[in-house]
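Have a look at model_3.pdb below; it lists PDB, C-alpha atoms, pLDDT in the B column.
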ATOM      1  CA  PHE A   1       0.000   0.000   0.000  1.00 82.00           C
ATOM      2  CA  ALA A   2       3.015   2.332  -0.021  1.00 88.00           C
ATOM      3  CA  SER A   3       3.070   4.892  -2.838  1.00 91.00           C
ATOM      4  CA  PRO A   4       6.171   5.509  -4.959  1.00 94.00           C
ATOM      5  CA  VAL A   5       7.973   8.842  -4.568  1.00 96.00           C
ATOM      6  CA  VAL A   6       9.849  10.764  -7.281  1.00 96.00           C
ATOM      7  CA  ALA A   7      12.681  13.051  -6.139  1.00 96.00           C
ATOM      8  CA  GLY A   8      16.084  14.136  -7.423  1.00 94.00           C
ATOM      9  CA  GLY A   9      15.800  12.171 -10.662  1.00 96.00           C
ATOM     10  CA  LYS A  10      15.036   8.921  -8.818  1.00 97.00           C
ATOM     11  CA  VAL A  11      11.930   6.868  -8.134  1.00 97.00           C
ATOM     12  CA  PHE A  12      11.828   5.347  -4.654  1.00 97.00           C
ATOM     13  CA  TYR A  13       9.418   2.522  -3.943  1.00 95.00           C
ATOM     14  CA  PHE A  14       8.747  -0.109  -1.305  1.00 93.00           C
ATOM     15  CA  ASP A  15       7.767  -3.695  -2.102  1.00 93.00           C
ATOM     16  CA  ASN A  16       7.820  -7.235  -0.750  1.00 92.00           C
ATOM     17  CA  GLN A  17      10.917  -9.211  -1.751  1.00 92.00           C
ATOM     18  CA  ASN A  18      10.826 -12.748  -0.343  1.00 93.00           C
ATOM     19  CA  GLY A  19       9.065 -11.723   2.870  1.00 90.00           C
ATOM     20  CA  GLN A  20      11.123  -8.550   3.385  1.00 94.00           C
ATOM     21  CA  GLU A  21       9.955  -4.944   3.110  1.00 94.00           C
ATOM     22  CA  THR A  22      12.500  -3.710   0.581  1.00 96.00           C
ATOM     23  CA  LEU A  23      13.150  -0.120  -0.478  1.00 97.00           C
ATOM     24  CA  HIS A  24      14.341   0.436  -4.064  1.00 97.00           C
ATOM     25  CA  ALA A  25      15.762   3.414  -5.923  1.00 98.00           C
ATOM     26  CA  ILE A  26      15.601   3.463  -9.710  1.00 97.00           C
ATOM     27  CA  ASP A  27      16.747   6.046 -12.222  1.00 97.00           C
ATOM     28  CA  ALA A  28      13.704   8.043 -13.361  1.00 95.00           C
ATOM     29  CA  THR A  29      15.086   8.359 -16.911  1.00 95.00           C
ATOM     30  CA  ASP A  30      16.286   4.905 -17.914  1.00 95.00           C
ATOM     31  CA  HIS A  31      14.624   2.892 -15.108  1.00 93.00           C
ATOM     32  CA  HIS A  32      17.692   0.917 -14.040  1.00 96.00           C
ATOM     33  CA  GLU A  33      17.919   0.030 -10.369  1.00 97.00           C
ATOM     34  CA  LEU A  34      20.430   2.145  -8.451  1.00 98.00           C
ATOM     35  CA  TRP A  35      20.130   0.347  -5.123  1.00 98.00           C
ATOM     36  CA  ARG A  36      17.865  -1.673  -2.860  1.00 97.00           C
ATOM     37  CA  THR A  37      17.878  -2.306   0.865  1.00 97.00           C
ATOM     38  CA  THR A  38      15.842  -4.409   3.287  1.00 95.00           C
ATOM     39  CA  VAL A  39      14.029  -2.457   6.004  1.00 95.00           C
ATOM     40  CA  ASP A  40      12.063  -5.136   7.901  1.00 92.00           C
ATOM     41  CA  ASP A  41      10.109  -8.390   7.670  1.00 89.00           C
ATOM     42  CA  THR A  42       6.695  -8.039   6.044  1.00 86.00           C
ATOM     43  CA  PHE A  43       3.401  -7.973   7.903  1.00 77.00           C
ATOM     44  CA  GLN A  44       0.160  -9.453   6.627  1.00 69.00           C
ATOM     45  CA  ASP A  45      -3.445  -9.299   7.761  1.00 68.00           C
ATOM     46  CA  GLU A  46      -6.874  -9.525   6.127  1.00 67.00           C
ATOM     47  CA  GLN A  47      -6.527  -5.933   4.829  1.00 66.00           C
ATOM     48  CA  GLY A  48      -4.378  -7.125   1.946  1.00 67.00           C
ATOM     49  CA  PRO A  49      -1.270  -8.979   0.816  1.00 73.00           C
ATOM     50  CA  PRO A  50       1.961  -8.833   2.828  1.00 77.00           C
ATOM     51  CA  GLY A  51       4.104  -5.819   2.165  1.00 78.00           C
ATOM     52  CA  PRO A  52       4.835  -2.193   3.028  1.00 86.00           C
ATOM     53  CA  ARG A  53       2.056   0.170   4.085  1.00 84.00           C
ATOM     54  CA  CYS A  54       3.899   3.447   4.591  1.00 89.00           C
ATOM     55  CA  THR A  55       5.067   5.750   1.788  1.00 94.00           C
ATOM     56  CA  PRO A  56       8.764   6.709   2.045  1.00 96.00           C
ATOM     57  CA  LEU A  57       9.604  10.333   2.840  1.00 96.00           C
ATOM     58  CA  VAL A  58      12.386  12.091   0.904  1.00 97.00           C
ATOM     59  CA  ASP A  59      14.147  15.149   2.322  1.00 97.00           C
ATOM     60  CA  GLY A  60      17.149  16.376   0.341  1.00 95.00           C
ATOM     61  CA  ASP A  61      19.883  13.747   0.441  1.00 96.00           C
ATOM     62  CA  ARG A  62      17.993  11.477   2.840  1.00 97.00           C
ATOM     63  CA  ILE A  63      15.056   9.134   2.652  1.00 97.00           C
ATOM     64  CA  TYR A  64      13.030   7.906   5.616  1.00 98.00           C
ATOM     65  CA  ALA A  65      11.443   4.460   5.431  1.00 97.00           C
ATOM     66  CA  GLN A  66       8.991   3.122   8.008  1.00 96.00           C
ATOM     67  CA  SER A  67       7.890  -0.505   8.057  1.00 94.00           C
ATOM     68  CA  GLY A  68       4.479  -1.888   8.902  1.00 90.00           C
ATOM     69  CA  LYS A  69       5.974  -3.318  12.084  1.00 90.00           C
ATOM     70  CA  GLY A  70       7.371  -0.002  13.327  1.00 93.00           C
ATOM     71  CA  GLU A  71      10.973   0.054  12.121  1.00 95.00           C
ATOM     72  CA  LEU A  72      12.002   3.599  11.075  1.00 97.00           C
ATOM     73  CA  GLN A  73      15.233   4.090   9.129  1.00 98.00           C
ATOM     74  CA  CYS A  74      17.013   7.134   7.738  1.00 98.00           C
ATOM     75  CA  LEU A  75      19.003   6.278   4.606  1.00 98.00           C
ATOM     76  CA  ARG A  76      21.212   8.149   2.147  1.00 97.00           C
ATOM     77  CA  SER A  77      19.172   8.689  -0.995  1.00 96.00           C
ATOM     78  CA  ALA A  78      22.325   8.369  -3.132  1.00 96.00           C
ATOM     79  CA  ASP A  79      23.171   4.781  -2.193  1.00 97.00           C
ATOM     80  CA  GLY A  80      20.693   3.478   0.416  1.00 97.00           C
ATOM     81  CA  GLN A  81      23.254   3.362   3.232  1.00 98.00           C
ATOM     82  CA  ARG A  82      21.611   3.536   6.655  1.00 98.00           C
ATOM     83  CA  ILE A  83      22.391   6.634   8.740  1.00 98.00           C
ATOM     84  CA  TRP A  84      20.213   5.889  11.764  1.00 98.00           C
ATOM     85  CA  ARG A  85      17.335   3.684  12.831  1.00 98.00           C
ATOM     86  CA  VAL A  86      14.818   3.238  15.633  1.00 97.00           C
ATOM     87  CA  ASN A  87      12.282   0.538  16.355  1.00 96.00           C
ATOM     88  CA  PHE A  88       9.001   1.661  17.894  1.00 94.00           C
ATOM     89  CA  LEU A  89       8.532  -1.619  19.772  1.00 90.00           C
ATOM     90  CA  LYS A  90      12.059  -2.185  21.088  1.00 93.00           C
ATOM     91  CA  ASP A  91      13.025   1.448  21.689  1.00 95.00           C
ATOM     92  CA  PHE A  92       9.710   2.959  22.843  1.00 94.00           C
ATOM     93  CA  GLY A  93       7.629   0.077  24.208  1.00 88.00           C
ATOM     94  CA  ALA A  94       4.950   0.350  21.524  1.00 86.00           C
ATOM     95  CA  ALA A  95       2.715  -2.680  21.072  1.00 78.00           C
ATOM     96  CA  PHE A  96       2.416  -4.605  17.820  1.00 69.00           C
ATOM     97  CA  LEU A  97       0.028  -7.460  18.471  1.00 64.00           C
ATOM     98  CA  GLY A  98      -1.420  -8.223  15.044  1.00 62.00           C
ATOM     99  CA  GLU A  99      -4.859  -8.633  13.642  1.00 61.00           C
ATOM    100  CA  ASP A 100      -6.450 -10.953  16.180  1.00 65.00           C
ATOM    101  CA  SER A 101      -5.467  -8.756  19.120  1.00 60.00           C
ATOM    102  CA  LYS A 102      -8.509  -6.463  18.870  1.00 62.00           C
ATOM    103  CA  VAL A 103      -6.256  -3.614  19.994  1.00 64.00           C
ATOM    104  CA  PRO A 104      -7.134  -0.684  17.714  1.00 63.00           C
ATOM    105  CA  GLY A 105      -4.795   1.228  15.452  1.00 67.00           C
ATOM    106  CA  ALA A 106      -1.294   0.388  14.289  1.00 66.00           C
ATOM    107  CA  ALA A 107      -0.958  -2.255  17.020  1.00 62.00           C
ATOM    108  CA  GLU A 108      -3.508  -4.310  15.085  1.00 68.00           C
ATOM    109  CA  HIS A 109      -3.114  -3.461  11.376  1.00 73.00           C
ATOM    110  CA  GLY A 110       0.399  -2.049  11.162  1.00 79.00           C
ATOM    111  CA  TYR A 111       2.079   1.345  10.856  1.00 86.00           C
ATOM    112  CA  THR A 112       0.764   3.243   7.835  1.00 87.00           C
ATOM    113  CA  ALA A 113       1.281   6.871   8.883  1.00 91.00           C
ATOM    114  CA  ALA A 114       4.398   8.386   7.315  1.00 94.00           C
ATOM    115  CA  PRO A 115       6.376  10.753   9.569  1.00 97.00           C
ATOM    116  CA  VAL A 116       6.417  14.477   8.835  1.00 98.00           C
ATOM    117  CA  ILE A 117       9.384  16.871   8.648  1.00 98.00           C
ATOM    118  CA  ASP A 118       9.490  20.436   9.930  1.00 97.00           C
ATOM    119  CA  GLY A 119      12.886  22.112   9.707  1.00 97.00           C
ATOM    120  CA  GLU A 120      15.339  19.883  11.571  1.00 98.00           C
ATOM    121  CA  ARG A 121      12.567  17.830  13.192  1.00 98.00           C
ATOM    122  CA  LEU A 122      11.086  14.523  12.092  1.00 98.00           C
ATOM    123  CA  ILE A 123       7.874  13.685  13.932  1.00 98.00           C
ATOM    124  CA  ALA A 124       6.403  10.161  14.013  1.00 97.00           C
ATOM    125  CA  CYS A 125       3.306   8.592  15.545  1.00 95.00           C
ATOM    126  CA  VAL A 126       5.125   5.907  17.528  1.00 95.00           C
ATOM    127  CA  GLY A 127       2.273   4.701  19.740  1.00 91.00           C
ATOM    128  CA  GLY A 128       4.284   4.064  22.892  1.00 88.00           C
ATOM    129  CA  THR A 129       2.077   4.159  25.990  1.00 82.00           C
ATOM    130  CA  ASN A 130       4.982   5.218  28.225  1.00 88.00           C
ATOM    131  CA  GLY A 131       4.897   8.871  27.195  1.00 94.00           C
ATOM    132  CA  ALA A 132       6.015   8.130  23.621  1.00 95.00           C
ATOM    133  CA  GLY A 133       2.743   8.293  21.706  1.00 95.00           C
ATOM    134  CA  VAL A 134       4.308  10.900  19.428  1.00 97.00           C
ATOM    135  CA  VAL A 135       8.081  11.305  19.163  1.00 98.00           C
ATOM    136  CA  CYS A 136      10.151  14.096  17.627  1.00 98.00           C
ATOM    137  CA  PHE A 137      13.594  13.132  16.328  1.00 98.00           C
ATOM    138  CA  GLY A 138      16.453  15.222  15.016  1.00 98.00           C
ATOM    139  CA  LYS A 139      16.086  14.322  11.344  1.00 98.00           C
ATOM    140  CA  ARG A 140      19.853  14.121  10.720  1.00 97.00           C
ATOM    141  CA  THR A 141      20.859  12.175  13.836  1.00 97.00           C
ATOM    142  CA  GLY A 142      17.786  10.311  15.085  1.00 98.00           C
ATOM    143  CA  LYS A 143      18.344  11.904  18.507  1.00 98.00           C
ATOM    144  CA  ILE A 144      15.114  12.221  20.508  1.00 98.00           C
ATOM    145  CA  MET A 145      14.133  15.892  20.834  1.00 98.00           C
ATOM    146  CA  TRP A 146      10.911  15.189  22.735  1.00 98.00           C
ATOM    147  CA  LYS A 147       8.288  12.523  23.474  1.00 98.00           C
ATOM    148  CA  SER A 148       4.640  13.229  24.218  1.00 98.00           C
ATOM    149  CA  GLN A 149       1.373  11.583  25.255  1.00 97.00           C
ATOM    150  CA  GLU A 150       0.356   7.953  25.718  1.00 93.00           C
ATOM    151  CA  ASP A 151      -1.755   7.603  22.577  1.00 91.00           C
ATOM    152  CA  LEU A 152      -1.756   4.488  20.430  1.00 89.00           C
ATOM    153  CA  ALA A 153      -0.896   5.244  16.800  1.00 90.00           C
ATOM    154  CA  ALA A 154      -3.756   5.290  14.298  1.00 89.00           C
ATOM    155  CA  TYR A 155      -3.332   5.342  10.500  1.00 88.00           C
ATOM    156  CA  ALA A 156      -3.182   9.017   9.486  1.00 90.00           C
ATOM    157  CA  ALA A 157       0.103  10.856   9.021  1.00 94.00           C
ATOM    158  CA  PRO A 158       0.788  13.801  11.355  1.00 97.00           C
ATOM    159  CA  MET A 159       0.682  17.260   9.805  1.00 97.00           C
ATOM    160  CA  ILE A 160       2.131  20.671  10.583  1.00 98.00           C
ATOM    161  CA  ALA A 161      -0.350  23.547  10.889  1.00 97.00           C
ATOM    162  CA  THR A 162      -0.675  27.008  12.380  1.00 97.00           C
ATOM    163  CA  LEU A 163      -3.881  27.105  14.417  1.00 96.00           C
ATOM    164  CA  ALA A 164      -4.955  30.054  16.584  1.00 93.00           C
ATOM    165  CA  GLY A 165      -1.564  31.613  15.872  1.00 95.00           C
ATOM    166  CA  ALA A 166       0.437  28.613  17.148  1.00 95.00           C
ATOM    167  CA  LYS A 167       2.535  26.455  14.809  1.00 96.00           C
ATOM    168  CA  GLN A 168       2.037  22.857  15.895  1.00 98.00           C
ATOM    169  CA  VAL A 169       1.924  19.217  14.899  1.00 98.00           C
ATOM    170  CA  VAL A 170      -1.565  17.748  14.609  1.00 98.00           C
ATOM    171  CA  CYS A 171      -1.987  13.992  15.057  1.00 96.00           C
ATOM    172  CA  PHE A 172      -5.034  11.755  14.715  1.00 94.00           C
ATOM    173  CA  THR A 173      -4.491   8.929  17.205  1.00 92.00           C
ATOM    174  CA  VAL A 174      -6.696   6.046  18.331  1.00 90.00           C
ATOM    175  CA  ALA A 175      -8.004   8.205  21.189  1.00 90.00           C
ATOM    176  CA  GLY A 176      -8.555  11.493  19.365  1.00 92.00           C
ATOM    177  CA  LEU A 177      -7.191  14.482  17.515  1.00 95.00           C
ATOM    178  CA  ILE A 178      -4.351  16.290  19.307  1.00 97.00           C
ATOM    179  CA  GLY A 179      -2.229  19.380  18.792  1.00 98.00           C
ATOM    180  CA  LEU A 180       1.320  19.430  20.187  1.00 98.00           C
ATOM    181  CA  ASP A 181       3.798  22.267  20.517  1.00 97.00           C
ATOM    182  CA  LEU A 182       6.593  21.750  17.977  1.00 96.00           C
ATOM    183  CA  THR A 183       9.380  22.881  20.293  1.00 96.00           C
ATOM    184  CA  ASP A 184       8.719  20.666  23.322  1.00 97.00           C
ATOM    185  CA  GLY A 185       5.784  18.355  22.524  1.00 97.00           C
ATOM    186  CA  ARG A 186       3.494  19.738  25.209  1.00 97.00           C
ATOM    187  CA  LEU A 187      -0.203  19.144  24.636  1.00 98.00           C
ATOM    188  CA  LEU A 188      -1.960  22.252  23.303  1.00 98.00           C
ATOM    189  CA  TRP A 189      -5.379  20.698  22.841  1.00 97.00           C
ATOM    190  CA  ARG A 190      -7.222  17.396  22.491  1.00 97.00           C
ATOM    191  CA  VAL A 191     -10.561  16.486  20.926  1.00 96.00           C
ATOM    192  CA  PRO A 192     -11.714  12.979  21.951  1.00 93.00           C
ATOM    193  CA  LEU A 193     -12.571  11.047  18.810  1.00 86.00           C
ATOM    194  CA  LYS A 194     -12.190   7.318  19.226  1.00 77.00           C
ATOM    195  CA  THR A 195     -11.422   5.207  16.185  1.00 67.00           C
ATOM    196  CA  SER A 196     -10.997   1.498  15.720  1.00 61.00           C
TER     197      SER A 196
END
What would you get if you wrote out this structure as structure tokens?
Amino acid sequence: FASPVVAGGKVFYFDNQNGQETLHAIDATDHHELWRTTVDDTFQDEQGPPGPRCTPLVDGDRIYAQSGKGELQCLRSADGQRIWRVNFLKDFGAAFLGEDSKVPGAAEHGYTAAPVIDGERLIACVGGTNGAGVVCFGKRTGKIMWKSQEDLAAYAAPMIATLAGAKQVVCFTVAGLIGLDLTDGRLLWRVPLKTS
């Protein structure tokens, strides 16, 4: 379910290669493959065939790839070499229980929400219930800039908006719609809106 992305004369796309979520880069002109790299094992449920669910994000000389199981990697767009990585389950205590768990959101059907970039920040809906529902990373280093809330991740990508004069990140989580301060992650507002 991941869309291809065209940037810098390359087409980047995710697919399933022998049970592995694999990111490819091909030349947009002559279509030859420049590189490929494995990001994670595939995930499958009744929503569709096994494979990636999150569109890669390109930012200058870097590409960010997030697997359905919560592996986030920053790679060089030139050659696919990994710069940094985090795993939402291992590093932030997020739950990934699979389809029969009846736990709503990404814990059940996988991570589909691409992160968003604002300046030097990369913000992802991690879904950790230990204060890491939403996490802001330094986009170049992967260093944690802030963590916020206990919300399980839903399926919509976060977005940056200026509302009531305040620039913020807006996230639709399993529990509701929230606005967080971009500098420190503090909660600005919350509208309860439960989704399965």
Please write the residues picked by the PyMOL selection byres ((chain A and resi 34-45) around 7) on this file as a PyMOL selection string.
chain A and resi 16+19-27+32-33+46-52+67-69+71+79-80+99+109
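The residue set within 9 Å of segment 130-133 of chain A, counting all atoms listed in the file and dropping same-chain residues fewer than 3 places from it, reads A:Phe92, A:Gly93, A:Ala94, A:Ala124, A:Cys125, A:Val126, A:Gly127, A:Trp146, A:Lys147, A:Ser148, A:Gln149, A:Glu150, A:Asp151, A:Leu152, A:Ala153, A:Thr173.
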I need the output of the PyMOL selection byres ((chain A and resi 193) around 12) for this file as a list in words; which residues are they?
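On the file shown, the PyMOL selection byres ((chain A and resi 193) around 12) covers Asp151, Ala154, Cys171, Phe172, Thr173, Val174, Ala175, Gly176, Leu177, Ile178, Arg190, Val191, Pro192, Lys194, Thr195 and Ser196 of chain A.
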Quick one: residues within 6 Å of segment 54-56 of chain A, only C-alpha atoms, excluding same-chain residues fewer than 3 positions away - as a PyMOL selection string?
chain A and resi 2-3+64-65+112+114
Expansion of the PyMOL selection byres ((chain A and resi 156) around 6) into residues, as a ChimeraX atom specification:
/A:113,155,157
Work out how far apart atom CA of Gly138 of chain A and atom CA of Ala28 of chain A are and give it in Å to one decimal.
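Atom CA of Ala28 of chain A lies at a distance of 29.4 Å from atom CA of Gly138 of chain A.
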Between atom CA of Leu180 of chain A and atom CA of Asp59 of chain A, measure the distance and give it in Å to one decimal.
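Between atom CA of Leu180 of chain A and atom CA of Asp59 of chain A the gap is 22.4 Å.
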If I take atom CA of Lys10 of chain A and atom CA of Asp61 of chain A, how far is one from the other in Å, to one decimal?
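That distance, rounded to one decimal, is 11.5 Å.
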So, with all atoms listed in the file as the atoms that count, which of A:Asn18, A:Val6, A:His31, A:Asp91 lies closest to Gly60 of chain A?
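Comparing A:Asn18, A:Val6, A:His31, A:Asp91 against Gly60 of chain A, the winner is A:Val6.
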So which one's closest to Ala78 of chain A, A:Gln168, A:Phe12, A:Gly142, A:Ile117? Using all atoms listed in the file, please.
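Of A:Gln168, A:Phe12, A:Gly142, A:Ile117, the one nearest Ala78 of chain A is A:Phe12, counting all atoms listed in the file.
Comparing A:Thr29, A:Thr183, A:Asn87, A:Gln66 by their smallest distance to Gly128 of chain A, the closest is A:Asn87 (using only C-alpha atoms).
Take the candidates A:Gly110, A:Leu75, A:Tyr13, A:Ile83 and check each one against Arg53 of chain A using only C-alpha atoms; the shortest distance goes to A:Gly110.
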Using the partial input, fill out segment 117-128 of chain A with all heavy atoms; write the result as an mmCIF file, in the coordinates of the input.
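Once written, selection.cif looks like this:
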data_model
loop_
_atom_site.group_PDB
_atom_site.id
_atom_site.type_symbol
_atom_site.label_atom_id
_atom_site.label_comp_id
_atom_site.auth_asym_id
_atom_site.auth_seq_id
_atom_site.Cartn_x
_atom_site.Cartn_y
_atom_site.Cartn_z
ATOM 1 N N ILE A 117 8.182 16.079 8.360
ATOM 2 C CA ILE A 117 9.384 16.871 8.648
ATOM 3 C C ILE A 117 9.016 18.334 8.760
ATOM 4 O O ILE A 117 8.230 18.855 7.966
ATOM 5 C CB ILE A 117 10.448 16.663 7.554
ATOM 6 C CG1 ILE A 117 11.050 15.266 7.697
ATOM 7 C CG2 ILE A 117 11.542 17.719 7.620
ATOM 8 C CD1 ILE A 117 12.067 14.904 6.652
ATOM 9 N N ASP A 118 9.596 18.984 9.767
ATOM 10 C CA ASP A 118 9.490 20.436 9.930
ATOM 11 C C ASP A 118 10.870 20.939 10.322
ATOM 12 O O ASP A 118 11.335 20.658 11.434
ATOM 13 C CB ASP A 118 8.456 20.796 11.000
ATOM 14 C CG ASP A 118 8.373 22.299 11.188
ATOM 15 O OD1 ASP A 118 7.903 22.988 10.267
ATOM 16 O OD2 ASP A 118 8.810 22.791 12.258
ATOM 17 N N GLY A 119 11.534 21.633 9.412
ATOM 18 C CA GLY A 119 12.886 22.112 9.707
ATOM 19 C C GLY A 119 13.817 20.957 9.988
ATOM 20 O O GLY A 119 13.979 20.056 9.172
ATOM 21 N N GLU A 120 14.416 20.949 11.180
ATOM 22 C CA GLU A 120 15.339 19.883 11.571
ATOM 23 C C GLU A 120 14.647 18.762 12.330
ATOM 24 O O GLU A 120 15.294 17.832 12.797
ATOM 25 C CB GLU A 120 16.474 20.461 12.417
ATOM 26 C CG GLU A 120 17.424 21.353 11.635
ATOM 27 C CD GLU A 120 18.065 20.623 10.456
ATOM 28 O OE1 GLU A 120 18.614 19.524 10.663
ATOM 29 O OE2 GLU A 120 18.012 21.157 9.332
ATOM 30 N N ARG A 121 13.316 18.831 12.443
ATOM 31 C CA ARG A 121 12.567 17.830 13.192
ATOM 32 C C ARG A 121 11.913 16.814 12.265
ATOM 33 O O ARG A 121 11.379 17.168 11.218
ATOM 34 C CB ARG A 121 11.454 18.495 14.005
ATOM 35 C CG ARG A 121 11.899 19.512 15.006
ATOM 36 C CD ARG A 121 10.654 20.139 15.667
ATOM 37 N NE ARG A 121 11.002 21.222 16.539
ATOM 38 C CZ ARG A 121 11.096 22.495 16.169
ATOM 39 N NH1 ARG A 121 10.840 22.853 14.923
ATOM 40 N NH2 ARG A 121 11.426 23.422 17.034
ATOM 41 N N LEU A 122 11.885 15.561 12.721
ATOM 42 C CA LEU A 122 11.086 14.523 12.092
ATOM 43 C C LEU A 122 10.156 13.990 13.171
ATOM 44 O O LEU A 122 10.615 13.562 14.232
ATOM 45 C CB LEU A 122 11.963 13.399 11.544
ATOM 46 C CG LEU A 122 11.180 12.280 10.861
ATOM 47 C CD1 LEU A 122 11.810 11.929 9.523
ATOM 48 C CD2 LEU A 122 11.096 11.047 11.732
ATOM 49 N N ILE A 123 8.862 14.044 12.919
ATOM 50 C CA ILE A 123 7.874 13.685 13.932
ATOM 51 C C ILE A 123 7.119 12.446 13.467
ATOM 52 O O ILE A 123 6.617 12.394 12.341
ATOM 53 C CB ILE A 123 6.910 14.846 14.189
ATOM 54 C CG1 ILE A 123 7.717 16.063 14.663
ATOM 55 C CG2 ILE A 123 5.862 14.468 15.227
ATOM 56 C CD1 ILE A 123 7.105 17.380 14.355
ATOM 57 N N ALA A 124 7.048 11.430 14.346
ATOM 58 C CA ALA A 124 6.403 10.161 14.013
ATOM 59 C C ALA A 124 5.385 9.786 15.081
ATOM 60 O O ALA A 124 5.588 10.038 16.271
ATOM 61 C CB ALA A 124 7.456 9.065 13.891
ATOM 62 N N CYS A 125 4.301 9.158 14.628
ATOM 63 C CA CYS A 125 3.306 8.592 15.545
ATOM 64 C C CYS A 125 3.788 7.202 15.931
ATOM 65 O O CYS A 125 3.574 6.230 15.215
ATOM 66 C CB CYS A 125 1.940 8.550 14.873
ATOM 67 S SG CYS A 125 1.268 10.180 14.513
ATOM 68 N N VAL A 126 4.459 7.118 17.073
ATOM 69 C CA VAL A 126 5.125 5.907 17.528
ATOM 70 C C VAL A 126 4.154 4.967 18.239
ATOM 71 O O VAL A 126 4.225 3.758 18.097
ATOM 72 C CB VAL A 126 6.322 6.278 18.436
ATOM 73 C CG1 VAL A 126 6.871 5.070 19.155
ATOM 74 C CG2 VAL A 126 7.396 6.971 17.608
ATOM 75 N N GLY A 127 3.260 5.517 19.046
ATOM 76 C CA GLY A 127 2.273 4.701 19.740
ATOM 77 C C GLY A 127 2.738 4.085 21.034
ATOM 78 O O GLY A 127 2.106 3.170 21.558
ATOM 79 N N GLY A 128 3.828 4.572 21.596
ATOM 80 C CA GLY A 128 4.284 4.064 22.892
ATOM 81 C C GLY A 128 3.410 4.599 24.011
ATOM 82 O O GLY A 128 3.127 5.795 24.068
#
